[in-house]
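Data first, discussion second: the structure below is written as structure tokens.
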Amino acid sequence: MNVEASNALAIGLIMGFGTLGPAIGIGLIGSKALEAVGRNPEANDKIQTLMILAIAFAEAIGIFALVVALILKFVA
Amino acid sequence: MDIHIAIATETLGHFLGLTITNSFLTSIVVITIILAYAYFTGKSLKIKNQSKNQTILELIVMWFYSLSISILGKKHTKNYFSIIFSFFVFILISNWFGLLPFVNGIKYTPSGTIQEHTNTHEKTEAVHVFRAPTSDLNTTLALAIISVILIQYAAIKELGLAKYSSKFFNFRVAKKGIMGKFEAGINSFVGLLELLSELTKVISFAFRLFGNIFAGEVLIVVISALTYSIGTLPFFGLEIFVGLIQAFVFTMLTLVFLSVSISSEHSH
């Protein structure tokens, strides 16, 4: 298998598997946040802020996978 | 479909021994815009009969100020609010600058000019003059390092060097016997892990911001090559949203890490 083919395969696999975890994580965070707002609608602002913060943490991991894929594609 | 995407920023020229890249030039433009806006708004501040400009600005600043007070407390907010809000404004305007219409249009051919060496097949192409500063890993790395050094500085100033380094390097044996030694071993390991997590904060900050903004640029370039200009409209909307969220997240994370590091030692 030549280098370019395995390069392309690696890029596809990285993005496929790398975004799986963060997607599930963000879904879990969102669902827990909605549940918390449902139990206590007055704390809406605080919960929303904390949820955005936690989602940013989880999304950063997906962005790491994206950066590796971009490096593989555009830097040889 | 001839797409030209480069992760590394392109050099525009050299000035006094410094390499001027296109993202560096754009960051100078962004800072000039922010300073000019601040100067002209500051000259006409009023208490009654405020301009709309001032009202909106006060809304944003007061929202951030109350957020900082709720996380940091009043005393520390007075010290650190200005740098934290500066992070927000700089990152926001830098992110949005890459979406302006002329950014992809203005090109410049460096003094190498377009040549084709038939022996080596080398060609110097035209490069973009402007590029969003935060789509360059150098800028985001610099911002991340400043943020983490700010956190360390604030903690050392608040807690004192001895007490702060005892968060990381605590080898004291608290309890007697074998359990005490075991616990001290675990505590020292956790302390070293905390030190490592300070370094990963730098990488996490830098790559989160860089990845989001650079991927947005790549997305827009690819979609522009695929469809008409009306089809890129939702993606520009996405990028505006993502730029705002990333600036907000950078600021919030700095605030939260700052509050965690300033807080006194408590047993986990």
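Labeling convention for the structure tokens: chains A, B, ... as they appear, residues from 1 per chain, ligands from 1 in order of appearance.
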Residues of chain B within 9 Å of chain A, counting only C-alpha atoms, what are they? List them as a PyMOL selection string. chain B and resi 5-8+204-205+207-212+214-215+245-246+249+252-253
Please report, as a PyMOL selection string, each residue of range 85-256 of chain B to which DSSP assigns alpha helix (DSSP H) when run on this structure's backbone. chain B and resi 85-97+137-159+161-168+177-226+233-256
Test item: residues at most 7 Å from range 29-42 of chain A, only C-alpha atoms, excluding those fewer than 4 positions along its chain, as a PyMOL selection string: chain A and resi 25+47+51+55
Report, in Å with one decimal, the straight-line distance from CA of Phe250 in chain B to CA of Thr9 in chain B.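 So the two atoms, CA of Phe250 in chain B and CA of Thr9 in chain B, lie 22.4 Å apart.
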Please, what distance in Å, to one decimal, runs between CA of Thr134 in chain B and CA of Val30 in chain B? 11.1 Å
